[in-house]
>>> print(open('work-v6.cif').read())   # mmCIF, N, CA and C atoms
data_run
loop_
_atom_site.label_atom_id
_atom_site.label_comp_id
_atom_site.auth_asym_id
_atom_site.auth_seq_id
_atom_site.Cartn_x
_atom_site.Cartn_y
_atom_site.Cartn_z
N MET W 1 78.61 32.80 182.41
CA MET W 1 78.83 33.94 181.54
C MET W 1 80.17 33.76 180.83
N ALA W 2 80.19 34.12 179.58
CA ALA W 2 81.42 34.14 178.80
C ALA W 2 81.72 35.59 178.45
N GLN W 3 82.97 35.98 178.54
CA GLN W 3 83.36 37.32 178.10
C GLN W 3 84.24 37.18 176.88
N LEU W 4 83.85 37.90 175.81
CA LEU W 4 84.59 37.88 174.55
C LEU W 4 84.78 39.31 174.09
N LYS W 5 85.71 39.49 173.16
CA LYS W 5 85.82 40.79 172.51
C LYS W 5 84.61 40.94 171.60
N ILE W 6 84.08 42.15 171.54
CA ILE W 6 82.91 42.41 170.71
C ILE W 6 83.14 41.96 169.27
N ARG W 7 84.32 42.26 168.74
CA ARG W 7 84.68 41.88 167.37
C ARG W 7 84.63 40.36 167.18
N ASP W 8 85.14 39.61 168.17
CA ASP W 8 85.18 38.15 168.06
C ASP W 8 83.77 37.55 168.10
N LEU W 9 82.90 38.10 168.96
CA LEU W 9 81.52 37.61 169.01
C LEU W 9 80.80 37.90 167.70
N HIS W 10 80.98 39.08 167.15
CA HIS W 10 80.35 39.42 165.87
C HIS W 10 80.81 38.46 164.78
N ASP W 11 82.10 38.18 164.73
CA ASP W 11 82.63 37.26 163.72
C ASP W 11 82.04 35.86 163.90
N LEU W 12 81.86 35.43 165.14
CA LEU W 12 81.28 34.11 165.40
C LEU W 12 79.83 34.07 164.92
N LEU W 13 79.01 35.03 165.34
CA LEU W 13 77.60 35.02 164.98
C LEU W 13 77.37 35.18 163.49
N ARG W 14 78.24 35.92 162.82
CA ARG W 14 78.13 36.11 161.37
C ARG W 14 78.23 34.80 160.60
N GLN W 15 78.87 33.81 161.18
CA GLN W 15 79.07 32.53 160.49
C GLN W 15 77.91 31.56 160.65
N ALA W 16 76.91 31.94 161.42
CA ALA W 16 75.75 31.05 161.59
C ALA W 16 75.03 30.90 160.26
N PRO W 17 74.74 29.67 159.86
CA PRO W 17 74.07 29.46 158.56
C PRO W 17 72.63 29.96 158.59
N ARG W 18 72.19 30.47 157.47
CA ARG W 18 70.81 30.93 157.34
C ARG W 18 70.03 29.85 156.58
N ARG W 19 68.91 29.48 157.14
CA ARG W 19 68.08 28.44 156.52
C ARG W 19 66.65 28.91 156.43
N ARG W 20 65.96 28.46 155.43
CA ARG W 20 64.56 28.85 155.26
C ARG W 20 63.63 28.01 156.13
N ASP W 21 64.02 26.80 156.41
CA ASP W 21 63.20 25.90 157.22
C ASP W 21 63.42 26.23 158.70
N LEU W 22 62.37 26.72 159.36
CA LEU W 22 62.49 27.15 160.75
C LEU W 22 62.93 26.01 161.67
N LYS W 23 62.54 24.78 161.36
CA LYS W 23 62.94 23.65 162.20
C LYS W 23 64.45 23.44 162.16
N GLN W 24 65.09 23.83 161.07
CA GLN W 24 66.53 23.65 160.95
C GLN W 24 67.30 24.93 161.26
N ASP W 25 66.57 26.03 161.49
CA ASP W 25 67.20 27.33 161.74
C ASP W 25 67.55 27.49 163.22
N ARG W 26 68.23 26.51 163.75
CA ARG W 26 68.57 26.54 165.17
C ARG W 26 70.08 26.43 165.34
N ILE W 27 70.62 27.32 166.16
CA ILE W 27 72.04 27.26 166.46
C ILE W 27 72.23 26.88 167.92
N ARG W 28 73.37 26.33 168.18
CA ARG W 28 73.71 25.89 169.53
C ARG W 28 74.98 26.62 169.93
N LEU W 29 74.94 27.33 171.05
CA LEU W 29 76.11 28.00 171.61
C LEU W 29 76.54 27.24 172.85
N VAL W 30 77.78 26.79 172.85
CA VAL W 30 78.31 26.02 173.98
C VAL W 30 79.54 26.73 174.52
N TYR W 31 79.48 27.08 175.78
CA TYR W 31 80.59 27.72 176.46
C TYR W 31 81.25 26.69 177.36
N ASP W 32 82.56 26.47 177.19
CA ASP W 32 83.26 25.45 177.98
C ASP W 32 84.25 26.05 178.98
N SER W 33 84.07 27.30 179.34
CA SER W 33 84.92 28.07 180.26
C SER W 33 86.20 28.60 179.61
N THR W 34 86.48 28.23 178.36
CA THR W 34 87.66 28.77 177.66
C THR W 34 87.30 29.35 176.30
N ALA W 35 86.21 28.87 175.70
CA ALA W 35 85.82 29.34 174.37
C ALA W 35 84.31 29.18 174.20
N LEU W 36 83.76 29.94 173.26
CA LEU W 36 82.36 29.82 172.88
C LEU W 36 82.34 29.14 171.52
N HIS W 37 81.64 28.03 171.43
CA HIS W 37 81.55 27.23 170.20
C HIS W 37 80.14 27.34 169.64
N MET W 38 80.02 27.41 168.33
CA MET W 38 78.72 27.43 167.70
C MET W 38 78.59 26.26 166.74
N SER W 39 77.44 25.60 166.80
CA SER W 39 77.12 24.53 165.87
C SER W 39 75.63 24.64 165.55
N THR W 40 75.14 23.75 164.70
CA THR W 40 73.70 23.70 164.46
C THR W 40 73.15 22.51 165.22
N VAL W 41 71.85 22.53 165.44
CA VAL W 41 71.23 21.46 166.20
C VAL W 41 71.29 20.13 165.44
N ASP W 42 71.17 20.19 164.11
CA ASP W 42 71.18 18.95 163.33
C ASP W 42 72.58 18.34 163.21
N THR W 43 73.64 19.12 163.45
CA THR W 43 75.01 18.58 163.46
C THR W 43 75.78 19.16 164.66
N PRO W 44 75.39 18.78 165.87
CA PRO W 44 75.99 19.38 167.07
C PRO W 44 77.48 19.08 167.24
N GLY W 45 77.98 18.03 166.61
CA GLY W 45 79.39 17.69 166.73
C GLY W 45 80.30 18.47 165.80
N THR W 46 79.71 19.23 164.87
CA THR W 46 80.48 20.01 163.92
C THR W 46 80.50 21.47 164.35
N VAL W 47 81.65 21.94 164.79
CA VAL W 47 81.77 23.33 165.22
C VAL W 47 81.92 24.22 164.00
N ILE W 48 80.98 25.14 163.82
CA ILE W 48 81.00 26.08 162.69
C ILE W 48 81.96 27.22 162.97
N ALA W 49 81.91 27.70 164.20
CA ALA W 49 82.75 28.83 164.59
C ALA W 49 83.10 28.71 166.07
N ARG W 50 84.23 29.34 166.40
CA ARG W 50 84.72 29.28 167.78
C ARG W 50 85.36 30.62 168.09
N ALA W 51 85.14 31.11 169.30
CA ALA W 51 85.76 32.36 169.73
C ALA W 51 86.34 32.16 171.12
N GLU W 52 87.59 32.56 171.27
CA GLU W 52 88.26 32.47 172.57
C GLU W 52 87.64 33.48 173.53
N THR W 53 87.49 33.08 174.77
CA THR W 53 86.98 33.99 175.77
C THR W 53 88.15 34.64 176.49
N CYS W 54 87.89 35.75 177.14
CA CYS W 54 88.91 36.43 177.93
C CYS W 54 88.20 37.08 179.11
N GLY W 55 88.94 37.43 180.11
CA GLY W 55 88.31 38.04 181.27
C GLY W 55 87.72 37.02 182.20
N PHE W 56 86.61 37.37 182.81
CA PHE W 56 85.94 36.57 183.83
C PHE W 56 85.42 35.25 183.26
N THR W 57 85.52 34.17 184.02
CA THR W 57 84.99 32.87 183.57
C THR W 57 83.99 32.34 184.58
N THR W 58 83.05 31.54 184.11
CA THR W 58 82.05 30.89 184.97
C THR W 58 81.95 29.42 184.57
N GLN W 59 80.96 28.76 185.13
CA GLN W 59 80.71 27.36 184.79
C GLN W 59 80.27 27.25 183.33
N PRO W 60 80.53 26.11 182.70
CA PRO W 60 80.08 25.90 181.31
C PRO W 60 78.56 25.96 181.18
N TRP W 61 78.09 26.30 179.99
CA TRP W 61 76.66 26.30 179.70
C TRP W 61 76.43 25.97 178.23
N ASP W 62 75.19 25.68 177.91
CA ASP W 62 74.78 25.22 176.59
C ASP W 62 73.40 25.80 176.29
N VAL W 63 73.26 26.51 175.17
CA VAL W 63 71.99 27.14 174.82
C VAL W 63 71.69 26.89 173.34
N THR W 64 70.44 26.62 173.04
CA THR W 64 69.98 26.49 171.66
C THR W 64 68.92 27.56 171.40
N ALA W 65 69.03 28.24 170.26
CA ALA W 65 68.08 29.29 169.91
C ALA W 65 67.93 29.34 168.40
N TYR W 66 66.91 30.05 167.94
CA TYR W 66 66.75 30.25 166.50
C TYR W 66 67.83 31.18 165.99
N ARG W 67 68.42 30.87 164.88
CA ARG W 67 69.44 31.70 164.27
C ARG W 67 68.85 33.07 163.91
N ALA W 68 67.62 33.08 163.45
CA ALA W 68 66.97 34.32 163.05
C ALA W 68 66.86 35.31 164.22
N SER W 69 66.86 34.83 165.43
CA SER W 69 66.75 35.69 166.60
C SER W 69 67.96 36.60 166.80
N ILE W 70 69.11 36.20 166.28
CA ILE W 70 70.33 36.97 166.55
C ILE W 70 70.62 38.06 165.53
N THR W 71 69.75 38.23 164.55
CA THR W 71 69.99 39.24 163.52
C THR W 71 70.13 40.63 164.11
N SER W 72 69.24 41.02 165.01
CA SER W 72 69.32 42.35 165.61
C SER W 72 70.57 42.49 166.47
N THR W 73 71.00 41.40 167.10
CA THR W 73 72.23 41.43 167.89
C THR W 73 73.43 41.66 166.98
N GLU W 74 73.44 41.04 165.81
CA GLU W 74 74.53 41.25 164.85
C GLU W 74 74.62 42.72 164.42
N VAL W 75 73.48 43.35 164.18
CA VAL W 75 73.46 44.76 163.78
C VAL W 75 74.01 45.63 164.91
N TRP W 76 73.57 45.36 166.13
CA TRP W 76 74.05 46.09 167.31
C TRP W 76 75.56 45.93 167.46
N LEU W 77 76.06 44.71 167.30
CA LEU W 77 77.50 44.47 167.42
C LEU W 77 78.28 45.19 166.33
N ARG W 78 77.73 45.23 165.13
CA ARG W 78 78.40 45.93 164.03
C ARG W 78 78.58 47.40 164.37
N LEU W 79 77.59 48.00 165.02
CA LEU W 79 77.71 49.39 165.43
C LEU W 79 78.74 49.56 166.54
N LEU W 80 78.78 48.63 167.48
CA LEU W 80 79.73 48.71 168.59
C LEU W 80 81.18 48.52 168.13
N ILE W 81 81.39 47.72 167.12
CA ILE W 81 82.75 47.42 166.64
C ILE W 81 83.48 48.69 166.23
N GLN W 82 82.78 49.62 165.63
CA GLN W 82 83.41 50.83 165.13
C GLN W 82 84.20 51.57 166.21
N GLU W 83 83.66 51.63 167.42
CA GLU W 83 84.34 52.35 168.48
C GLU W 83 84.89 51.47 169.58
N HIS W 84 84.31 50.28 169.75
CA HIS W 84 84.64 49.46 170.90
C HIS W 84 84.94 48.01 170.56
N GLY W 85 85.46 47.75 169.38
CA GLY W 85 85.65 46.38 168.91
C GLY W 85 86.47 45.48 169.81
N ASP W 86 87.44 46.03 170.53
CA ASP W 86 88.28 45.20 171.40
C ASP W 86 87.80 45.19 172.85
N HIS W 87 86.68 45.89 173.13
CA HIS W 87 86.11 45.85 174.48
C HIS W 87 85.41 44.52 174.69
N LEU W 88 85.17 44.18 175.95
CA LEU W 88 84.54 42.90 176.25
C LEU W 88 83.02 43.01 176.24
N ILE W 89 82.40 41.90 175.87
CA ILE W 89 80.95 41.77 175.93
C ILE W 89 80.65 40.49 176.72
N ASP W 90 79.62 40.54 177.52
CA ASP W 90 79.20 39.38 178.31
C ASP W 90 78.13 38.61 177.54
N VAL W 91 78.28 37.30 177.47
CA VAL W 91 77.29 36.42 176.84
C VAL W 91 76.90 35.40 177.89
N ALA W 92 75.61 35.32 178.19
CA ALA W 92 75.20 34.43 179.28
C ALA W 92 73.77 33.93 179.08
N PRO W 93 73.52 32.70 179.54
CA PRO W 93 72.13 32.26 179.62
C PRO W 93 71.50 32.96 180.82
N PHE W 94 70.24 33.22 180.74
CA PHE W 94 69.52 33.91 181.81
C PHE W 94 68.27 33.11 182.09
N TRP W 95 68.22 32.50 183.27
CA TRP W 95 67.07 31.65 183.56
C TRP W 95 66.32 32.07 184.82
N ALA W 96 66.36 33.35 185.13
CA ALA W 96 65.57 33.85 186.26
C ALA W 96 64.10 33.96 185.85
N GLN W 97 63.85 33.74 184.60
CA GLN W 97 62.48 33.77 184.07
C GLN W 97 62.25 32.48 183.31
N HIS W 98 61.01 32.28 182.88
CA HIS W 98 60.71 31.13 182.04
C HIS W 98 60.02 31.66 180.80
N PRO W 99 60.46 31.40 179.61
CA PRO W 99 61.57 30.51 179.29
C PRO W 99 62.92 31.18 179.50
N ALA W 100 63.95 30.38 179.48
CA ALA W 100 65.31 30.88 179.60
C ALA W 100 65.63 31.74 178.38
N ALA W 101 66.61 32.61 178.52
CA ALA W 101 67.02 33.48 177.41
C ALA W 101 68.53 33.49 177.32
N ILE W 102 69.05 33.94 176.20
CA ILE W 102 70.48 34.17 176.05
C ILE W 102 70.64 35.69 175.97
N THR W 103 71.59 36.24 176.73
CA THR W 103 71.74 37.69 176.77
C THR W 103 73.15 38.10 176.35
N PHE W 104 73.24 39.28 175.74
CA PHE W 104 74.50 39.90 175.34
C PHE W 104 74.51 41.27 176.00
N THR W 105 75.53 41.56 176.80
CA THR W 105 75.58 42.83 177.53
C THR W 105 76.92 43.52 177.30
N ALA W 106 76.85 44.80 176.90
CA ALA W 106 78.06 45.61 176.69
C ALA W 106 77.68 47.07 176.83
N GLY W 107 78.55 47.83 177.47
CA GLY W 107 78.36 49.26 177.57
C GLY W 107 77.04 49.68 178.19
N GLY W 108 76.54 48.90 179.13
CA GLY W 108 75.28 49.25 179.78
C GLY W 108 74.04 48.89 179.00
N HIS W 109 74.19 48.22 177.85
CA HIS W 109 73.05 47.82 177.03
C HIS W 109 73.00 46.31 176.95
N THR W 110 71.79 45.77 176.86
CA THR W 110 71.62 44.32 176.77
C THR W 110 70.71 43.97 175.61
N ALA W 111 71.11 42.95 174.88
CA ALA W 111 70.27 42.35 173.84
C ALA W 111 69.96 40.94 174.31
N ALA W 112 68.76 40.48 174.10
CA ALA W 112 68.39 39.14 174.56
C ALA W 112 67.40 38.50 173.60
N PHE W 113 67.43 37.18 173.53
CA PHE W 113 66.42 36.46 172.79
C PHE W 113 66.16 35.13 173.47
N PRO W 114 64.95 34.57 173.29
CA PRO W 114 64.58 33.36 174.02
C PRO W 114 65.39 32.15 173.59
N ALA W 115 65.65 31.29 174.54
CA ALA W 115 66.33 30.03 174.28
C ALA W 115 65.29 28.96 174.00
N LEU W 116 65.58 28.09 173.05
CA LEU W 116 64.70 26.96 172.76
C LEU W 116 65.04 25.79 173.67
N ALA W 117 66.30 25.71 174.05
CA ALA W 117 66.76 24.65 174.95
C ALA W 117 67.94 25.21 175.75
N CYS W 118 68.01 24.83 176.99
CA CYS W 118 69.11 25.25 177.85
C CYS W 118 69.33 24.14 178.89
N PRO W 119 69.99 23.05 178.48
CA PRO W 119 70.13 21.90 179.36
C PRO W 119 70.93 22.19 180.65
N THR W 120 71.66 23.28 180.69
CA THR W 120 72.42 23.61 181.89
C THR W 120 71.62 24.45 182.87
N ALA W 121 70.41 24.89 182.47
CA ALA W 121 69.55 25.65 183.38
C ALA W 121 68.95 24.71 184.42
N PRO W 122 68.55 25.24 185.58
CA PRO W 122 67.85 24.40 186.56
C PRO W 122 66.60 23.80 185.92
N ALA W 123 66.24 22.61 186.31
CA ALA W 123 65.13 21.87 185.69
C ALA W 123 63.84 22.67 185.62
N ASP W 124 63.53 23.47 186.62
CA ASP W 124 62.27 24.22 186.62
C ASP W 124 62.32 25.47 185.75
N ARG W 125 63.48 25.79 185.18
CA ARG W 125 63.61 26.97 184.32
C ARG W 125 63.91 26.62 182.87
N ARG W 126 63.95 25.34 182.55
CA ARG W 126 64.26 24.96 181.16
C ARG W 126 63.07 25.20 180.27
N PRO W 127 63.35 25.65 179.05
CA PRO W 127 62.26 25.88 178.09
C PRO W 127 61.56 24.58 177.73
#
>>> encode(input="work-v6.cif", output="structure tokens")
Amino acid sequence: MAQLKIRDLHDLLRQAPRRRDLKQDRIRLVYDSTALHMSTVDTPGTVIARAETCGFTTQPWDVTAYRASITSTEVWLRLLIQEHGDHLIDVAPFWAQHPAAITFTAGGHTAAFPALACPTAPADRRP
């Protein structure tokens, strides 16, 4: 799990490129225990955006998902920023189910969308 300020996560997700080709509309979120990095699947070595984490830290993880999946999360974050922009939000892969998912949790509410790839998940839970 990565903990970030709601404002910082919104700024990171806002920078994800929008593409019409669904095969290329994939983003990669990589948490290295100090920051959350975003890139695209076709250029994984190029970091588009980065957000420093704060608060609780866990083991690193790596998740790939469709960029289009995070649109509703961006809207939710925009609403939270108005009153709680500097509060923390938890971002974590969730693999207690199949397929794995990426979850965003703040203020008792959770937003989630399926992961296309999660190489850090246990082998039997990978998409």
>>> atom_distance(input="work-v6.cif", atom1="atom N of Asp42 of chain W", atom2="atom N of Gln3 of chain W")
24.4 Å
>>> resolve_selection(input="work-v6.cif", expression="the PyMOL selection byres ((chain W and resi 28-41) around 8)", output="ChimeraX atom specification")
/W:1-2,12-13,16-17,24-27,42-54,56-67
>>> closest_residue(input="work-v6.cif", among="W:Trp95, W:Ala101, W:Leu88, W:Ala111", to="Ser72 of chain W", atoms="all atoms listed in the file")
W:Ala111
>>> atom_distance(input="work-v6.cif", atom1="atom C of Ile102 of chain W", atom2="atom CA of Thr73 of chain W")
10.0 Å
>>> axis_aligned_box(input="work-v6.cif", around="segment 98-116 of chain W", padding_each_side="4 Å", output="JSON")
{"center_x": 69.3, "center_y": 37.7, "center_z": 177.8, "size_x": 26.5, "size_y": 31.9, "size_z": 18.1}
>>> atom_distance(input="work-v6.cif", atom1="atom CA of Phe113 of chain W", atom2="atom CA of Ile70 of chain W")
7.4 Å
>>> closest_residue(input="work-v6.cif", among="W:Ala123, W:Glu74, W:Gly85, W:Leu79", to="Ala100 of chain W", atoms="only C-alpha atoms")
W:Ala123
>>> select_by_dssp(input="work-v6.cif", residues="segment 65-112 of chain W", states="helix (DSSP H, G or I)", output="ChimeraX atom specification")
/W:67-84
>>> select_by_dssp(input="work-v6.cif", residues="segment 24-95 of chain W", states="strand (DSSP E or B)", output="PDB file with N, CA and C atoms, in the frame of the given file")
ATOM      1  N   ARG W  26      68.230  26.510 163.750  1.00  0.00           N
ATOM      2  CA  ARG W  26      68.570  26.540 165.170  1.00  0.00           C
ATOM      3  C   ARG W  26      70.080  26.430 165.340  1.00  0.00           C
ATOM      4  N   ILE W  27      70.620  27.320 166.160  1.00  0.00           N
ATOM      5  CA  ILE W  27      72.040  27.260 166.460  1.00  0.00           C
ATOM      6  C   ILE W  27      72.230  26.880 167.920  1.00  0.00           C
ATOM      7  N   ARG W  28      73.370  26.330 168.180  1.00  0.00           N
ATOM      8  CA  ARG W  28      73.710  25.890 169.530  1.00  0.00           C
ATOM      9  C   ARG W  28      74.980  26.620 169.930  1.00  0.00           C
ATOM     10  N   LEU W  29      74.940  27.330 171.050  1.00  0.00           N
ATOM     11  CA  LEU W  29      76.110  28.000 171.610  1.00  0.00           C
ATOM     12  C   LEU W  29      76.540  27.240 172.850  1.00  0.00           C
ATOM     13  N   VAL W  30      77.780  26.790 172.850  1.00  0.00           N
ATOM     14  CA  VAL W  30      78.310  26.020 173.980  1.00  0.00           C
ATOM     15  C   VAL W  30      79.540  26.730 174.520  1.00  0.00           C
ATOM     16  N   TYR W  31      79.480  27.080 175.780  1.00  0.00           N
ATOM     17  CA  TYR W  31      80.590  27.720 176.460  1.00  0.00           C
ATOM     18  C   TYR W  31      81.250  26.690 177.360  1.00  0.00           C
ATOM     19  N   ALA W  35      86.210  28.870 175.700  1.00  0.00           N
ATOM     20  CA  ALA W  35      85.820  29.340 174.370  1.00  0.00           C
ATOM     21  C   ALA W  35      84.310  29.180 174.200  1.00  0.00           C
ATOM     22  N   LEU W  36      83.760  29.940 173.260  1.00  0.00           N
ATOM     23  CA  LEU W  36      82.360  29.820 172.880  1.00  0.00           C
ATOM     24  C   LEU W  36      82.340  29.140 171.520  1.00  0.00           C
ATOM     25  N   HIS W  37      81.640  28.030 171.430  1.00  0.00           N
ATOM     26  CA  HIS W  37      81.550  27.230 170.200  1.00  0.00           C
ATOM     27  C   HIS W  37      80.140  27.340 169.640  1.00  0.00           C
ATOM     28  N   MET W  38      80.020  27.410 168.330  1.00  0.00           N
ATOM     29  CA  MET W  38      78.720  27.430 167.700  1.00  0.00           C
ATOM     30  C   MET W  38      78.590  26.260 166.740  1.00  0.00           C
ATOM     31  N   SER W  39      77.440  25.600 166.800  1.00  0.00           N
ATOM     32  CA  SER W  39      77.120  24.530 165.870  1.00  0.00           C
ATOM     33  C   SER W  39      75.630  24.640 165.550  1.00  0.00           C
ATOM     34  N   THR W  40      75.140  23.750 164.700  1.00  0.00           N
ATOM     35  CA  THR W  40      73.700  23.700 164.460  1.00  0.00           C
ATOM     36  C   THR W  40      73.150  22.510 165.220  1.00  0.00           C
ATOM     37  N   THR W  43      73.640  19.120 163.450  1.00  0.00           N
ATOM     38  CA  THR W  43      75.010  18.580 163.460  1.00  0.00           C
ATOM     39  C   THR W  43      75.780  19.160 164.660  1.00  0.00           C
ATOM     40  N   ALA W  49      81.910  27.700 164.200  1.00  0.00           N
ATOM     41  CA  ALA W  49      82.750  28.830 164.590  1.00  0.00           C
ATOM     42  C   ALA W  49      83.100  28.710 166.070  1.00  0.00           C
ATOM     43  N   ARG W  50      84.230  29.340 166.400  1.00  0.00           N
ATOM     44  CA  ARG W  50      84.720  29.280 167.780  1.00  0.00           C
ATOM     45  C   ARG W  50      85.360  30.620 168.090  1.00  0.00           C
ATOM     46  N   ALA W  51      85.140  31.110 169.300  1.00  0.00           N
ATOM     47  CA  ALA W  51      85.760  32.360 169.730  1.00  0.00           C
ATOM     48  C   ALA W  51      86.340  32.160 171.120  1.00  0.00           C
ATOM     49  N   GLU W  52      87.590  32.560 171.270  1.00  0.00           N
ATOM     50  CA  GLU W  52      88.260  32.470 172.570  1.00  0.00           C
ATOM     51  C   GLU W  52      87.640  33.480 173.530  1.00  0.00           C
ATOM     52  N   THR W  57      85.520  34.170 184.020  1.00  0.00           N
ATOM     53  CA  THR W  57      84.990  32.870 183.570  1.00  0.00           C
ATOM     54  C   THR W  57      83.990  32.340 184.580  1.00  0.00           C
ATOM     55  N   TRP W  61      78.090  26.300 179.990  1.00  0.00           N
ATOM     56  CA  TRP W  61      76.660  26.300 179.700  1.00  0.00           C
ATOM     57  C   TRP W  61      76.430  25.970 178.230  1.00  0.00           C
ATOM     58  N   ASP W  62      75.190  25.680 177.910  1.00  0.00           N
ATOM     59  CA  ASP W  62      74.780  25.220 176.590  1.00  0.00           C
ATOM     60  C   ASP W  62      73.400  25.800 176.290  1.00  0.00           C
ATOM     61  N   VAL W  63      73.260  26.510 175.170  1.00  0.00           N
ATOM     62  CA  VAL W  63      71.990  27.140 174.820  1.00  0.00           C
ATOM     63  C   VAL W  63      71.690  26.890 173.340  1.00  0.00           C
ATOM     64  N   THR W  64      70.440  26.620 173.040  1.00  0.00           N
ATOM     65  CA  THR W  64      69.980  26.490 171.660  1.00  0.00           C
ATOM     66  C   THR W  64      68.920  27.560 171.400  1.00  0.00           C
ATOM     67  N   ALA W  65      69.030  28.240 170.260  1.00  0.00           N
ATOM     68  CA  ALA W  65      68.080  29.290 169.910  1.00  0.00           C
ATOM     69  C   ALA W  65      67.930  29.340 168.400  1.00  0.00           C
ATOM     70  N   TYR W  66      66.910  30.050 167.940  1.00  0.00           N
ATOM     71  CA  TYR W  66      66.750  30.250 166.500  1.00  0.00           C
ATOM     72  C   TYR W  66      67.830  31.180 165.990  1.00  0.00           C
ATOM     73  N   LEU W  88      85.170  44.180 175.950  1.00  0.00           N
ATOM     74  CA  LEU W  88      84.540  42.900 176.250  1.00  0.00           C
ATOM     75  C   LEU W  88      83.020  43.010 176.240  1.00  0.00           C
ATOM     76  N   ILE W  89      82.400  41.900 175.870  1.00  0.00           N
ATOM     77  CA  ILE W  89      80.950  41.770 175.930  1.00  0.00           C
ATOM     78  C   ILE W  89      80.650  40.490 176.720  1.00  0.00           C
ATOM     79  N   ASP W  90      79.620  40.540 177.520  1.00  0.00           N
ATOM     80  CA  ASP W  90      79.200  39.380 178.310  1.00  0.00           C
ATOM     81  C   ASP W  90      78.130  38.610 177.540  1.00  0.00           C
ATOM     82  N   VAL W  91      78.280  37.300 177.470  1.00  0.00           N
ATOM     83  CA  VAL W  91      77.290  36.420 176.840  1.00  0.00           C
ATOM     84  C   VAL W  91      76.900  35.400 177.890  1.00  0.00           C
ATOM     85  N   ALA W  92      75.610  35.320 178.190  1.00  0.00           N
ATOM     86  CA  ALA W  92      75.200  34.430 179.280  1.00  0.00           C
ATOM     87  C   ALA W  92      73.770  33.930 179.080  1.00  0.00           C
ATOM     88  N   PRO W  93      73.520  32.700 179.540  1.00  0.00           N
ATOM     89  CA  PRO W  93      72.130  32.260 179.620  1.00  0.00           C
ATOM     90  C   PRO W  93      71.500  32.960 180.820  1.00  0.00           C
ATOM     91  N   PHE W  94      70.240  33.220 180.740  1.00  0.00           N
ATOM     92  CA  PHE W  94      69.520  33.910 181.810  1.00  0.00           C
ATOM     93  C   PHE W  94      68.270  33.110 182.090  1.00  0.00           C
TER      94      PHE W  94
END
>>> residues_near_point(input="work-v6.cif", point="(86.2, 46.1, 169.3)", cutoff="10 Å", atoms="only C-alpha atoms", output="PyMOL selection string")
chain W and resi 4-10+77-89
>>> closest_residue(input="work-v6.cif", among="W:Asp21, W:Pro93, W:Trp76, W:Gly55", to="Ala121 of chain W", atoms="only N, CA and C atoms")
W:Pro93
>>> decode(input="work-v6.cif", residues="segment 66-76 of chain W", atoms="N, CA, C and O atoms", output="CSV table (one decimal), in the first residue's frame")
chain,number,residue,atom,x,y,z
W,66,TYR,N,-6.0,-0.3,-17.5
W,66,TYR,CA,-6.5,0.7,-18.5
W,66,TYR,C,-6.6,2.1,-18.0
W,66,TYR,O,-7.1,2.3,-16.9
W,67,ARG,N,-6.1,3.0,-18.7
W,67,ARG,CA,-6.2,4.4,-18.3
W,67,ARG,C,-7.6,4.9,-18.1
W,67,ARG,O,-8.0,5.6,-17.2
W,68,ALA,N,-8.5,4.4,-19.0
W,68,ALA,CA,-9.9,4.7,-19.0
W,68,ALA,C,-10.6,4.3,-17.7
W,68,ALA,O,-11.6,4.9,-17.3
W,69,SER,N,-10.1,3.3,-17.1
W,69,SER,CA,-10.7,2.8,-15.8
W,69,SER,C,-10.6,3.8,-14.7
W,69,SER,O,-11.4,3.8,-13.8
W,70,ILE,N,-9.6,4.8,-14.7
W,70,ILE,CA,-9.4,5.7,-13.6
W,70,ILE,C,-10.2,7.0,-13.7
W,70,ILE,O,-10.1,7.8,-12.8
W,71,THR,N,-11.0,7.1,-14.8
W,71,THR,CA,-11.7,8.4,-14.9
W,71,THR,C,-12.7,8.6,-13.8
W,71,THR,O,-12.7,9.7,-13.2
W,72,SER,N,-13.4,7.6,-13.3
W,72,SER,CA,-14.3,7.8,-12.2
W,72,SER,C,-13.5,8.1,-10.9
W,72,SER,O,-14.0,8.9,-10.0
W,73,THR,N,-12.4,7.6,-10.8
W,73,THR,CA,-11.5,7.8,-9.6
W,73,THR,C,-11.1,9.3,-9.6
W,73,THR,O,-11.0,9.9,-8.6
W,74,GLU,N,-10.7,9.8,-10.8
W,74,GLU,CA,-10.3,11.2,-10.9
W,74,GLU,C,-11.5,12.1,-10.5
W,74,GLU,O,-11.2,13.1,-9.7
W,75,VAL,N,-12.7,11.8,-10.9
W,75,VAL,CA,-13.8,12.7,-10.5
W,75,VAL,C,-14.0,12.6,-9.0
W,75,VAL,O,-14.2,13.7,-8.3
W,76,TRP,N,-13.9,11.4,-8.4
W,76,TRP,CA,-14.1,11.3,-6.9
W,76,TRP,C,-13.0,12.1,-6.2
W,76,TRP,O,-13.3,12.8,-5.2
